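Visitor: If it helps, the file is called model_0.cif and holds mmCIF, C-alpha atoms:
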data_query
loop_
_atom_site.label_atom_id
_atom_site.label_comp_id
_atom_site.auth_asym_id
_atom_site.auth_seq_id
_atom_site.Cartn_x
_atom_site.Cartn_y
_atom_site.Cartn_z
CA MET A 1 68.80 51.28 77.98
CA THR A 2 70.07 52.05 74.49
CA GLN A 3 68.99 55.30 72.84
CA THR A 4 68.09 55.52 69.17
CA THR A 5 68.50 58.76 67.22
CA LEU A 6 67.79 57.51 63.66
CA LEU A 7 64.54 56.08 62.32
CA GLN A 8 63.87 55.17 58.71
CA TYR A 9 61.17 54.31 56.20
CA GLU A 10 61.32 53.05 52.63
CA ALA A 11 58.44 54.30 50.48
CA PRO A 12 57.14 52.35 47.47
CA TRP A 13 57.77 55.40 45.25
CA PRO A 14 60.13 58.41 45.06
CA VAL A 15 59.13 60.98 47.71
CA HIS A 16 58.98 64.68 46.93
CA ALA A 17 56.70 66.64 49.27
CA LEU A 18 56.65 65.82 52.98
CA ASP A 19 55.67 67.40 56.28
CA TRP A 20 55.73 66.34 59.91
CA CYS A 21 52.45 66.66 61.82
CA LYS A 22 52.47 69.70 64.08
CA SER A 23 51.06 68.09 67.26
CA VAL A 24 49.98 64.80 68.80
CA ALA A 25 46.80 63.26 67.47
CA PRO A 26 43.53 64.57 68.94
CA GLY A 27 42.57 62.48 71.96
CA HIS A 28 46.08 60.99 72.21
CA GLN A 29 47.84 63.67 74.26
CA SER A 30 49.30 61.00 76.56
CA ARG A 31 50.80 59.05 73.64
CA ALA A 32 53.91 60.92 72.47
CA ARG A 33 54.39 58.46 69.63
CA SER A 34 51.27 59.79 67.90
CA ALA A 35 53.35 62.88 67.06
CA PHE A 36 55.60 60.63 64.93
CA ARG A 37 53.43 61.01 61.83
CA LEU A 38 54.57 62.23 58.43
CA GLY A 39 52.56 63.20 55.41
CA ILE A 40 54.42 62.25 52.22
CA ALA A 41 53.70 62.58 48.51
CA SER A 42 55.10 60.72 45.52
CA PHE A 43 56.77 62.13 42.44
CA SER A 44 56.18 60.37 39.15
CA GLU A 45 55.63 61.98 35.78
CA ASP A 46 52.16 60.62 35.27
CA TYR A 47 48.67 60.92 36.75
CA ARG A 48 49.10 58.04 39.23
CA ASN A 49 50.70 59.82 42.15
CA ARG A 50 49.89 59.05 45.79
CA ILE A 51 49.93 60.75 49.14
CA ALA A 52 50.25 58.82 52.39
CA VAL A 53 50.43 59.21 56.14
CA VAL A 54 53.19 57.16 57.75
CA GLY A 55 53.80 56.72 61.46
CA LEU A 56 55.34 54.51 64.10
CA GLN A 57 53.97 51.03 64.51
CA ASP A 58 51.37 51.02 67.28
CA GLU A 59 52.98 49.78 70.48
CA ARG A 60 49.78 47.87 71.27
CA VAL A 61 50.17 45.70 68.15
CA LEU A 62 51.33 42.12 68.69
CA VAL A 63 54.72 41.06 67.34
CA GLU A 64 55.12 37.90 65.30
CA ASP A 65 58.90 37.84 64.96
CA ASP A 66 62.02 39.76 65.85
CA TYR A 67 61.17 43.45 65.58
CA THR A 68 64.43 44.29 63.86
CA ASP A 69 62.98 42.85 60.63
CA TYR A 70 60.43 45.64 60.36
CA PRO A 71 60.74 49.31 59.40
CA ASP A 72 60.45 51.98 62.05
CA PHE A 73 57.59 53.64 60.17
CA VAL A 74 54.59 51.97 58.56
CA THR A 75 52.00 53.28 56.12
CA LEU A 76 48.91 54.24 58.10
CA THR A 77 46.76 55.26 55.14
CA GLU A 78 47.13 56.59 51.59
CA ALA A 79 45.11 58.10 48.76
CA GLY A 80 45.43 58.79 45.05
CA HIS A 81 46.52 62.28 44.04
CA GLY A 82 46.77 62.38 40.23
CA TYR A 83 49.49 64.92 39.50
CA PRO A 84 52.45 65.03 41.93
CA ALA A 85 51.93 67.28 44.93
CA THR A 86 54.18 70.34 44.77
CA SER A 87 53.67 70.94 48.50
CA LEU A 88 52.07 69.05 51.38
CA GLN A 89 51.40 70.49 54.84
CA TRP A 90 49.60 69.44 58.00
CA GLN A 91 47.28 71.93 59.66
CA PRO A 92 49.10 74.46 61.89
CA ALA A 93 49.42 73.63 65.58
CA SER A 94 47.19 76.62 66.32
CA THR A 95 44.20 74.86 64.74
CA SER A 96 43.78 72.60 67.78
CA GLY A 97 41.65 75.33 69.38
CA TYR A 98 39.96 76.47 66.17
CA GLN A 99 36.27 75.72 65.77
CA TRP A 100 35.90 74.36 62.24
CA SER A 101 32.46 74.03 60.73
CA GLY A 102 31.74 70.62 59.24
CA LYS A 103 34.81 68.97 60.76
CA HIS A 104 34.84 66.42 63.57
CA PRO A 105 37.11 67.37 66.53
CA SER A 106 38.95 64.03 66.30
CA THR A 107 40.13 64.59 62.72
CA GLU A 108 43.03 66.60 61.34
CA LEU A 109 43.47 68.45 58.07
CA LEU A 110 46.23 68.18 55.47
CA ALA A 111 46.52 70.24 52.32
CA THR A 112 48.32 69.70 49.03
CA THR A 113 48.90 71.73 45.88
CA ALA A 114 49.15 70.53 42.28
CA ASP A 115 46.51 71.36 39.66
CA ALA A 116 44.35 72.58 42.58
CA LEU A 117 44.53 73.26 46.32
CA ARG A 118 43.20 70.13 47.97
CA VAL A 119 42.21 69.89 51.63
CA TRP A 120 42.19 66.39 53.11
CA GLU A 121 40.65 65.14 56.34
CA TYR A 122 42.68 62.55 58.25
CA ASN A 123 41.03 60.35 60.86
CA GLY A 124 43.48 58.30 62.88
CA ASP A 125 40.91 57.18 65.43
CA ALA A 126 38.67 54.97 63.33
CA PRO A 127 37.98 51.43 64.60
CA THR A 128 40.84 49.08 63.81
CA ALA A 129 40.01 46.32 61.35
CA GLY A 130 41.81 43.20 60.15
CA SER A 131 44.94 41.60 61.54
CA ALA A 132 46.68 43.10 64.55
CA TYR A 133 49.98 41.40 63.81
CA VAL A 134 53.08 43.21 62.62
CA GLY A 135 54.57 41.97 59.39
CA ARG A 136 51.37 41.57 57.48
CA GLN A 137 50.33 44.06 54.84
CA PRO A 138 49.02 47.15 56.67
CA THR A 139 45.40 47.99 56.01
CA ALA A 140 43.53 51.27 56.15
CA GLY A 141 41.74 50.05 59.25
CA GLY A 142 41.97 52.64 62.00
CA HIS A 143 43.23 55.40 59.68
CA ARG A 144 41.38 57.18 56.91
CA LEU A 145 42.36 59.96 54.51
CA SER A 146 39.50 61.53 52.58
CA LEU A 147 39.32 64.50 50.21
CA LYS A 148 37.37 67.33 51.81
CA THR A 149 37.55 69.94 49.05
CA ALA A 150 39.49 70.85 45.90
CA LEU A 151 39.84 74.56 45.12
CA SER A 152 40.73 76.01 41.75
CA GLY A 153 39.37 79.05 39.99
CA GLN A 154 39.55 81.29 36.98
CA SER A 155 42.87 82.99 36.38
CA LYS A 156 43.22 86.76 36.19
CA VAL A 157 45.92 86.40 33.56
CA GLN A 158 44.92 87.05 29.97
CA ASN A 159 44.45 84.01 27.72
CA GLN A 160 44.38 81.80 30.81
CA SER A 161 40.79 80.71 31.32
CA ALA A 162 41.42 77.67 33.51
CA SER A 163 43.52 77.72 36.65
CA ALA A 164 47.24 77.07 36.17
CA PRO A 165 49.29 74.60 38.24
CA LEU A 166 50.07 75.66 41.80
CA THR A 167 53.67 75.59 43.03
CA SER A 168 53.29 76.00 46.80
CA PHE A 169 51.11 77.40 49.59
CA SER A 170 51.25 78.81 53.10
CA TRP A 171 48.78 78.06 55.88
CA ASN A 172 48.04 80.99 58.22
CA GLU A 173 48.85 80.21 61.86
CA LYS A 174 46.67 82.95 63.32
CA ALA A 175 43.62 82.34 61.11
CA PRO A 176 43.81 78.68 59.99
CA ALA A 177 40.98 79.11 57.47
CA LEU A 178 43.29 81.32 55.38
CA VAL A 179 45.63 79.71 52.84
CA VAL A 180 47.62 81.59 50.19
CA THR A 181 48.75 79.71 47.07
CA SER A 182 51.35 80.54 44.41
CA SER A 183 51.04 79.64 40.74
CA ILE A 184 53.05 79.44 37.54
CA ASP A 185 50.60 81.95 36.00
CA THR A 186 52.30 84.78 38.04
CA THR A 187 49.45 85.00 40.57
CA CYS A 188 48.94 84.41 44.27
CA THR A 189 45.45 83.56 45.57
CA VAL A 190 44.20 83.88 49.15
CA TRP A 191 41.59 81.24 49.97
CA ASN A 192 39.16 80.71 52.82
CA ILE A 193 39.22 76.93 52.97
CA GLU A 194 36.31 76.84 55.43
CA THR A 195 33.92 78.63 53.04
CA THR A 196 35.80 77.23 49.99
CA THR A 197 36.00 80.69 48.40
CA ALA A 198 38.80 82.78 46.93
CA ILE A 199 39.15 86.01 48.91
CA THR A 200 41.47 87.69 46.43
CA GLN A 201 43.79 86.88 43.54
CA LEU A 202 46.61 89.18 42.51
CA ILE A 203 49.27 89.22 39.84
CA ALA A 204 52.27 88.99 42.13
CA HIS A 205 55.30 88.63 39.84
CA ASP A 206 56.30 89.06 36.21
CA ARG A 207 56.96 85.35 35.82
CA GLU A 208 56.13 82.12 37.69
CA VAL A 209 55.68 82.36 41.47
CA TYR A 210 57.50 79.51 43.18
CA ASP A 211 56.83 79.96 46.91
CA VAL A 212 54.81 82.04 49.35
CA ALA A 213 54.76 82.55 53.14
CA TRP A 214 52.56 84.45 55.59
CA LEU A 215 54.34 86.86 57.91
CA PRO A 216 54.15 85.11 61.32
CA GLY A 217 51.45 86.62 63.48
CA SER A 218 49.78 88.46 60.60
CA THR A 219 46.60 87.73 58.65
CA ASP A 220 47.29 90.49 56.13
CA ILE A 221 50.93 90.34 55.01
CA PHE A 222 52.62 87.61 52.98
CA VAL A 223 55.78 87.39 50.88
CA SER A 224 56.52 85.52 47.68
CA VAL A 225 59.47 84.58 45.46
CA GLY A 226 59.56 83.62 41.83
CA ALA A 227 61.24 83.13 38.49
CA ASP A 228 61.75 86.88 38.05
CA GLY A 229 64.32 86.73 40.85
CA SER A 230 62.44 89.00 43.24
CA LEU A 231 61.18 88.68 46.80
CA ARG A 232 58.03 90.74 47.27
CA ALA A 233 55.76 91.59 50.19
CA PHE A 234 52.00 92.13 49.90
CA ASP A 235 49.48 93.61 52.32
CA LEU A 236 45.86 92.58 51.79
CA ARG A 237 44.77 95.98 53.15
CA SER A 238 46.50 97.83 50.30
CA LEU A 239 46.94 95.68 47.22
CA GLU A 240 47.56 98.62 44.88
CA HIS A 241 51.29 98.05 45.20
CA SER A 242 53.80 95.56 46.52
CA THR A 243 57.14 96.05 48.26
CA ILE A 244 60.18 94.58 46.53
CA LEU A 245 62.42 93.44 49.37
CA TYR A 246 65.15 91.85 47.26
CA GLU A 247 66.06 91.21 43.63
CA THR A 248 68.77 88.80 42.65
CA PRO A 249 71.71 90.34 40.83
CA ALA A 250 71.90 89.78 37.08
CA PRO A 251 74.15 86.91 35.96
CA LYS A 252 77.70 87.78 34.96
CA GLY A 253 77.91 88.84 31.34
CA ALA A 254 74.22 89.75 31.20
CA ALA A 255 74.96 93.45 31.61
CA ALA A 256 77.21 93.52 28.57
CA ALA A 257 74.66 91.61 26.51
CA ALA A 258 71.90 93.99 27.58
CA ALA A 259 74.06 97.00 26.74
CA ALA A 260 74.72 95.61 23.27
CA GLN A 261 71.04 94.98 22.74
CA SER A 262 70.21 98.50 23.91
CA ALA A 263 72.76 99.98 21.52
CA SER A 264 71.09 98.16 18.65
CA GLY A 265 67.73 99.61 19.64
CA GLY A 266 66.29 96.32 20.78
CA ALA A 267 65.59 97.17 24.39
CA GLY A 268 62.39 98.84 25.49
CA SER A 269 61.48 100.49 28.72
CA GLY A 270 61.30 98.45 31.91
CA SER A 271 57.95 97.25 33.20
CA GLY A 272 56.14 99.28 35.81
CA GLY A 273 56.67 98.51 39.47
CA GLY A 274 60.30 97.45 39.07
CA GLY A 275 59.48 93.95 37.92
CA ALA A 276 61.92 91.70 36.16
CA GLY A 277 59.74 91.00 33.17
CA GLY A 278 60.19 94.28 31.25
CA SER A 279 62.22 94.02 28.09
CA GLY A 280 64.72 96.53 29.46
CA LYS A 281 65.26 94.49 32.61
CA LEU A 282 68.23 92.16 32.99
CA ALA A 283 67.43 88.51 33.45
CA SER A 284 68.05 87.35 37.01
CA SER A 285 68.33 84.05 38.85
CA PRO A 286 64.97 82.66 40.04
CA LEU A 287 64.34 82.39 43.78
CA LEU A 288 62.85 79.04 44.75
CA ARG A 289 61.89 79.09 48.43
CA ILE A 290 61.14 81.58 51.20
CA ALA A 291 60.83 80.94 54.95
CA PHE A 292 60.62 83.16 58.04
CA ASN A 293 62.74 82.74 61.14
CA PRO A 294 60.06 81.74 63.70
CA ALA A 295 61.95 83.40 66.56
CA ASP A 296 62.35 86.77 64.80
CA SER A 297 60.20 87.25 61.73
CA ASN A 298 62.20 90.25 60.57
CA TYR A 299 64.51 87.61 59.09
CA MET A 300 63.80 85.39 56.09
CA SER A 301 65.82 82.73 54.31
CA THR A 302 65.80 82.08 50.57
CA PHE A 303 67.94 80.46 47.88
CA HIS A 304 68.38 80.68 44.12
CA MET A 305 67.63 78.06 41.52
CA ASP A 306 70.82 76.01 41.01
CA GLY A 307 72.44 77.99 43.85
CA SER A 308 74.53 76.45 46.63
CA ASP A 309 74.28 79.41 49.06
CA ILE A 310 71.41 80.52 51.30
CA GLN A 311 70.60 84.21 51.66
CA ILE A 312 69.30 85.65 54.94
CA LEU A 313 67.31 88.85 54.46
CA ASP A 314 66.07 91.46 56.92
CA MET A 315 62.68 93.07 56.15
CA ARG A 316 63.90 96.31 57.72
CA SER A 317 66.89 96.48 55.40
CA PRO A 318 65.64 95.52 51.93
CA GLY A 319 67.86 95.35 48.89
CA MET A 320 70.57 92.89 49.84
CA PRO A 321 71.11 89.93 52.17
CA VAL A 322 72.46 90.59 55.66
CA MET A 323 73.94 87.08 55.79
CA GLU A 324 74.92 84.38 53.34
CA LEU A 325 75.39 80.76 54.35
CA ARG A 326 78.05 78.93 52.36
CA GLY A 327 78.53 75.26 53.09
CA HIS A 328 76.93 73.25 50.31
CA ARG A 329 78.95 72.07 47.32
CA ALA A 330 75.98 71.59 44.99
CA GLN A 331 72.55 73.11 44.52
CA VAL A 332 70.29 73.53 47.55
CA ASN A 333 66.91 71.79 47.31
CA ALA A 334 65.19 72.49 50.63
CA MET A 335 65.37 74.41 53.88
CA GLY A 336 63.34 74.72 57.05
CA TRP A 337 63.41 76.39 60.47
CA SER A 338 62.93 74.49 63.71
CA SER A 339 60.92 75.72 66.71
CA PRO A 340 60.98 79.36 67.94
CA GLU A 341 62.53 78.27 71.27
CA ASN A 342 65.79 77.22 69.64
CA PRO A 343 65.61 78.14 65.97
CA LEU A 344 68.01 76.17 63.77
CA LEU A 345 67.91 76.46 59.99
CA ALA A 346 68.28 73.13 58.19
CA THR A 347 69.40 73.11 54.55
CA ALA A 348 69.77 70.15 52.18
CA GLY A 349 71.02 69.71 48.66
CA ASP A 350 72.37 67.64 45.81
CA ASP A 351 75.71 67.28 47.62
CA CYS A 352 73.98 64.68 49.88
CA GLN A 353 74.58 67.02 52.83
CA VAL A 354 72.16 68.27 55.46
CA LEU A 355 73.56 71.28 57.31
CA LEU A 356 72.20 72.90 60.48
CA TRP A 357 72.87 76.59 61.08
CA ASP A 358 72.47 78.46 64.37
CA LEU A 359 72.03 82.14 63.54
CA ALA A 360 70.75 83.32 66.93
CA GLY A 361 74.03 85.01 67.85
CA TYR A 362 74.22 86.86 64.54
CA THR A 363 70.61 88.03 64.46
CA GLN A 364 70.48 89.16 68.09
CA ASN A 365 73.64 91.21 67.74
CA ALA A 366 72.68 92.76 64.45
CA THR A 367 69.17 93.94 65.22
CA SER A 368 67.10 95.90 67.65
CA PRO A 369 65.32 93.92 70.39
CA ARG A 370 62.64 91.55 69.18
CA ASN A 371 59.05 92.67 69.08
CA PRO A 372 57.63 91.03 72.24
CA SER A 373 54.03 91.32 71.06
CA GLY A 374 54.47 88.72 68.33
CA SER A 375 53.25 91.34 65.82
CA GLY A 376 49.79 91.18 64.43
CA GLY A 377 48.92 92.60 61.06
CA GLY A 378 49.51 96.19 62.16
CA GLY A 379 52.91 95.36 63.62
CA GLY A 380 53.87 93.56 60.44
CA SER A 381 52.92 96.60 58.37
CA SER A 382 55.18 98.89 60.38
CA ARG A 383 58.07 96.48 59.88
CA LEU A 384 57.88 96.87 56.14
CA ASN A 385 58.38 100.61 56.52
CA SER A 386 61.07 100.77 59.20
CA PRO A 387 64.40 100.85 57.34
CA ARG A 388 67.67 100.49 59.21
CA PRO A 389 71.20 101.48 58.26
CA ASP A 390 72.85 99.24 55.71
CA VAL A 391 74.88 96.46 57.25
CA LYS A 392 77.63 94.70 55.36
CA LYS A 393 76.68 91.17 54.37
CA ARG A 394 78.12 88.58 56.73
CA VAL A 395 79.32 85.31 55.20
CA ILE A 396 78.90 82.26 57.44
CA THR A 397 80.70 79.06 56.48
CA ASP A 398 80.46 76.96 59.65
CA PRO A 399 77.24 75.03 60.30
CA VAL A 400 76.77 73.69 63.82
CA MET A 401 75.98 70.20 62.56
CA ALA A 402 76.26 68.22 59.33
CA TYR A 403 74.77 64.91 58.21
CA SER A 404 75.81 62.98 55.11
CA ALA A 405 73.02 61.11 53.35
CA GLN A 406 73.48 58.27 50.87
CA GLY A 407 71.92 60.27 48.05
CA GLU A 408 70.71 63.71 47.04
CA VAL A 409 68.35 65.13 49.65
CA THR A 410 65.27 66.61 47.98
CA ASN A 411 63.20 67.77 50.96
CA LEU A 412 63.08 68.02 54.74
CA ALA A 413 60.63 68.69 57.58
CA TRP A 414 60.94 69.43 61.30
CA SER A 415 58.90 67.68 63.99
CA PRO A 416 57.27 69.41 66.95
CA GLN A 417 58.88 68.96 70.37
CA ILE A 418 58.42 65.26 71.23
CA PRO A 419 58.97 63.82 74.73
CA THR A 420 61.09 60.76 75.33
CA MET A 421 59.45 57.40 74.65
CA THR A 422 60.18 53.70 74.36
CA MET A 423 60.19 52.09 70.93
CA ASN A 424 58.87 48.59 70.23
CA THR A 425 62.49 47.44 69.92
CA GLY A 426 63.12 48.45 73.52
CA HIS A 427 65.23 51.46 72.54
CA ILE A 428 64.28 54.84 73.95
CA THR A 429 64.24 58.10 72.02
CA PRO A 430 65.60 61.27 73.63
CA PRO A 431 63.22 64.24 73.96
CA GLY A 432 63.32 67.16 71.55
CA GLU A 433 62.93 67.79 67.83
CA TRP A 434 63.49 65.44 64.91
CA LEU A 435 64.31 66.21 61.30
CA ALA A 436 62.84 64.14 58.45
CA LEU A 437 64.82 63.89 55.21
CA ALA A 438 63.62 62.65 51.82
CA SER A 439 66.17 61.08 49.48
CA GLY A 440 64.75 59.05 46.62
CA LYS A 441 62.39 56.50 48.15
CA SER A 442 64.05 56.71 51.57
CA ILE A 443 62.94 58.83 54.51
CA LYS A 444 65.22 59.18 57.49
CA ALA A 445 64.25 60.84 60.78
CA LEU A 446 67.21 62.23 62.72
CA LYS A 447 67.13 63.31 66.35
CA VAL A 448 68.69 66.77 66.49
#
Now that the file is in, can you turn its structure into structure tokens?

Guide:
Amino acid sequence: MTQTTLLQYEAPWPVHALDWCKSVAPGHQSRARSAFRLGIASFSEDYRNRIAVVGLQDERVLVEDDYTDYPDFVTLTEAGHGYPATSLQWQPASTSGYQWSGKHPSTELLATTADALRVWEYNGDAPTAGSAYVGRQPTAGGHRLSLKTALSGQSKVQNQSASAPLTSFSWNEKAPALVVTSSIDTTCTVWNIETTTAITQLIAHDREVYDVAWLPGSTDIFVSVGADGSLRAFDLRSLEHSTILYETPAPKGAAAAAAAQSASGGAGSGSGGGGAGGSGKLASSPLLRIAFNPADSNYMSTFHMDGSDIQILDMRSPGMPVMELRGHRAQVNAMGWSSPENPLLATAGDDCQVLLWDLAGYTQNATSPRNPSGSGGGGGSSRLNSPRPDVKKRVITDPVMAYSAQGEVTNLAWSPQIPTMTMNTGHITPPGEWLALASGKSIKALKV
């Protein structure tokens, strides 16, 4: 029987944010195909944006014609979103055993950020209504997406009474009620989405904060990156100060310009805490994204705005990257790590390339043995304060796999481990992980 390793979907609008569901649907553990669900969000510069859940056509649906005429994915349900979603994520896999108040066990949660943090409830088990034939316009029967709550609050920043737009968020794996958001008003806010309250809000950077991520296994420590070019770590147990793990070097020529300005008496003293916003501080290249290696959370990946390289940082050796990945020929737009069992880093950019990097050999040789406990909050705290000797940055130029898309790739998302299954076309899919890519209106799912 023929195997298929590429599935595709054409959205009715340009896709920006997307995420692959983290597990099979509740009550459908025997149906591997229920793990083939993506949350996607549109990008249009107006207030008419949409989010949708797309998935494989139900194998129990009757077929009118030759199946090759139909897309691999169909729209299961959608909802209006107003402003474009800057980030969309399904609930962590760990939430399957979490006892939510006010949530039915058969539903799943999604969250999005834009002008507010919105939590959505997805029900894929509602009674099916309407036609059961493929080829007709899909209806919302059997799948529902409803807004559960929208969270926005007062800003701590002066002259900013209303909440500013949110750029991204991170959902805590260990305590799924905790979500931390990043904002263009320089703040990060930790929310309890179950009680719909803000636990704390802090001024995290000197300029816009672009991305944020919880330290795996911790409910106290998170890191953030922003327009000031710094990567910072925060501990909710001691918010008096942050740890600057990395600052991007100043652009070429900036030092001379700053020196000239200083000589003319125009430069003041730098801001407290080593931030990049003080008038005496050189401008640096913004950092756009941050992600932890799920197999060894000492390591993080990040990239610069308009940059074509990816920096790998070690929390135990702050100050400079321990590795740099050079393979893209244009700016990088997205990156993501696969499962902890076999962690590959996928990167995608404007060069229409998707590159997969296997860093296991480099990280295992360069570090002490991994922490077998998985590190709770206390373990994470000790990591921030355990420096190691400086290691020369290693430049890696050979990805283990490359895929050429037809256009610029704007985002990507990994699937969970999915067993083999038979498609409606009769093709079978091999077991393992898939990688979803967004390019314009097209979404392609590749078997890795």

Visitor: So how far away is atom CA of A:His328 from atom CA of A:Thr363, in Å?

Guide: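 Rounded to one decimal, the two atoms are 21.4 Å apart.
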
Visitor: Which residues, written as a PDB file with C-alpha atoms, in the frame of the given file, have at least one atom at most 10 Å from A:Pro294, with only C-alpha atoms counted and residues fewer than 6 positions away on the same chain left out?

Guide:
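Below you can see out-v7.pdb, which holds the result:
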ATOM      1  CA  LEU A 215      54.340  86.860  57.910  1.00  0.00           C
ATOM      2  CA  PRO A 216      54.150  85.110  61.320  1.00  0.00           C
ATOM      3  CA  GLY A 217      51.450  86.620  63.480  1.00  0.00           C
ATOM      4  CA  MET A 300      63.800  85.390  56.090  1.00  0.00           C
ATOM      5  CA  TRP A 337      63.410  76.390  60.470  1.00  0.00           C
ATOM      6  CA  SER A 338      62.930  74.490  63.710  1.00  0.00           C
ATOM      7  CA  SER A 339      60.920  75.720  66.710  1.00  0.00           C
ATOM      8  CA  PRO A 340      60.980  79.360  67.940  1.00  0.00           C
ATOM      9  CA  GLU A 341      62.530  78.270  71.270  1.00  0.00           C
ATOM     10  CA  ASN A 342      65.790  77.220  69.640  1.00  0.00           C
ATOM     11  CA  PRO A 343      65.610  78.140  65.970  1.00  0.00           C
ATOM     12  CA  LEU A 344      68.010  76.170  63.770  1.00  0.00           C
TER      13      LEU A 344
END

Visitor: Report, in Å with one decimal, the straight-line distance from atom CA of A:Thr113 to atom CA of A:Ala85.

Guide: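 Rounded to one decimal, the two atoms are 5.5 Å apart.
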
Visitor: From the list A:Thr2, A:Gln57, A:Ser285, A:Gln353, which residue is nearest A:Arg37 when using only C-alpha atoms?

Guide: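 Using only C-alpha atoms, A:Arg37 sits closest to A:Gln57.
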
Visitor: Under the rule that all atoms listed in the file are counted, which of A:Ser94, A:Thr189, A:Ser415, A:Thr410 is the nearest residue to A:Val15?

Guide: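 The answer is A:Thr410, which sits nearest to A:Val15.
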
Visitor: Counting only C-alpha atoms, find residues at most 10 Å from (51.7, 59.9, 48.6) (file frame) and give them as a CSV table (one decimal) with C-alpha atoms, in the coordinates of the input.

Guide:
chain,number,residue,atom,x,y,z
A,11,ALA,CA,58.4,54.3,50.5
A,12,PRO,CA,57.1,52.4,47.5
A,13,TRP,CA,57.8,55.4,45.2
A,14,PRO,CA,60.1,58.4,45.1
A,15,VAL,CA,59.1,61.0,47.7
A,16,HIS,CA,59.0,64.7,46.9
A,17,ALA,CA,56.7,66.6,49.3
A,18,LEU,CA,56.6,65.8,53.0
A,39,GLY,CA,52.6,63.2,55.4
A,40,ILE,CA,54.4,62.2,52.2
A,41,ALA,CA,53.7,62.6,48.5
A,42,SER,CA,55.1,60.7,45.5
A,43,PHE,CA,56.8,62.1,42.4
A,48,ARG,CA,49.1,58.0,39.2
A,49,ASN,CA,50.7,59.8,42.2
A,50,ARG,CA,49.9,59.0,45.8
A,51,ILE,CA,49.9,60.8,49.1
A,52,ALA,CA,50.2,58.8,52.4
A,53,VAL,CA,50.4,59.2,56.1
A,54,VAL,CA,53.2,57.2,57.8
A,77,THR,CA,46.8,55.3,55.1
A,78,GLU,CA,47.1,56.6,51.6
A,79,ALA,CA,45.1,58.1,48.8
A,80,GLY,CA,45.4,58.8,45.0
A,81,HIS,CA,46.5,62.3,44.0
A,84,PRO,CA,52.4,65.0,41.9
A,85,ALA,CA,51.9,67.3,44.9
A,88,LEU,CA,52.1,69.0,51.4

Visitor: Quick one: apply the PyMOL selection byres ((chain A and resi 428) around 8) to the file and drop the selected residues here as a list in words.

Guide: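 Selection result, ordered by chain and number: Met1, Thr2, Gln3, Thr4, Thr420, Met421, Thr422, Met423, Gly426, His427, Thr429 and Pro430 of chain A.
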
Visitor: Would you put the residues from that selection into a file with C-alpha atoms, as a PDB file, in the frame of the given file?

Guide:
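Final output, selection22.pdb:
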ATOM      1  CA  MET A   1      68.800  51.280  77.980  1.00  0.00           C
ATOM      2  CA  THR A   2      70.070  52.050  74.490  1.00  0.00           C
ATOM      3  CA  GLN A   3      68.990  55.300  72.840  1.00  0.00           C
ATOM      4  CA  THR A   4      68.090  55.520  69.170  1.00  0.00           C
ATOM      5  CA  THR A 420      61.090  60.760  75.330  1.00  0.00           C
ATOM      6  CA  MET A 421      59.450  57.400  74.650  1.00  0.00           C
ATOM      7  CA  THR A 422      60.180  53.700  74.360  1.00  0.00           C
ATOM      8  CA  MET A 423      60.190  52.090  70.930  1.00  0.00           C
ATOM      9  CA  GLY A 426      63.120  48.450  73.520  1.00  0.00           C
ATOM     10  CA  HIS A 427      65.230  51.460  72.540  1.00  0.00           C
ATOM     11  CA  THR A 429      64.240  58.100  72.020  1.00  0.00           C
ATOM     12  CA  PRO A 430      65.600  61.270  73.630  1.00  0.00           C
TER      13      PRO A 430
END

Visitor: Convert the output of the PyMOL selection byres ((chain A and resi 230) around 7) on the shown file into explicit residues, formatted as a PDB file with C-alpha atoms, in the frame of the given file.

Guide:
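expr_5.pdb written:
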ATOM      1  CA  VAL A 225      59.470  84.580  45.460  1.00  0.00           C
ATOM      2  CA  GLY A 226      59.560  83.620  41.830  1.00  0.00           C
ATOM      3  CA  ASP A 228      61.750  86.880  38.050  1.00  0.00           C
ATOM      4  CA  GLY A 229      64.320  86.730  40.850  1.00  0.00           C
ATOM      5  CA  LEU A 231      61.180  88.680  46.800  1.00  0.00           C
ATOM      6  CA  ARG A 232      58.030  90.740  47.270  1.00  0.00           C
ATOM      7  CA  ILE A 244      60.180  94.580  46.530  1.00  0.00           C
ATOM      8  CA  TYR A 246      65.150  91.850  47.260  1.00  0.00           C
ATOM      9  CA  GLU A 247      66.060  91.210  43.630  1.00  0.00           C
ATOM     10  CA  THR A 248      68.770  88.800  42.650  1.00  0.00           C
ATOM     11  CA  LEU A 287      64.340  82.390  43.780  1.00  0.00           C
TER      12      LEU A 287
END
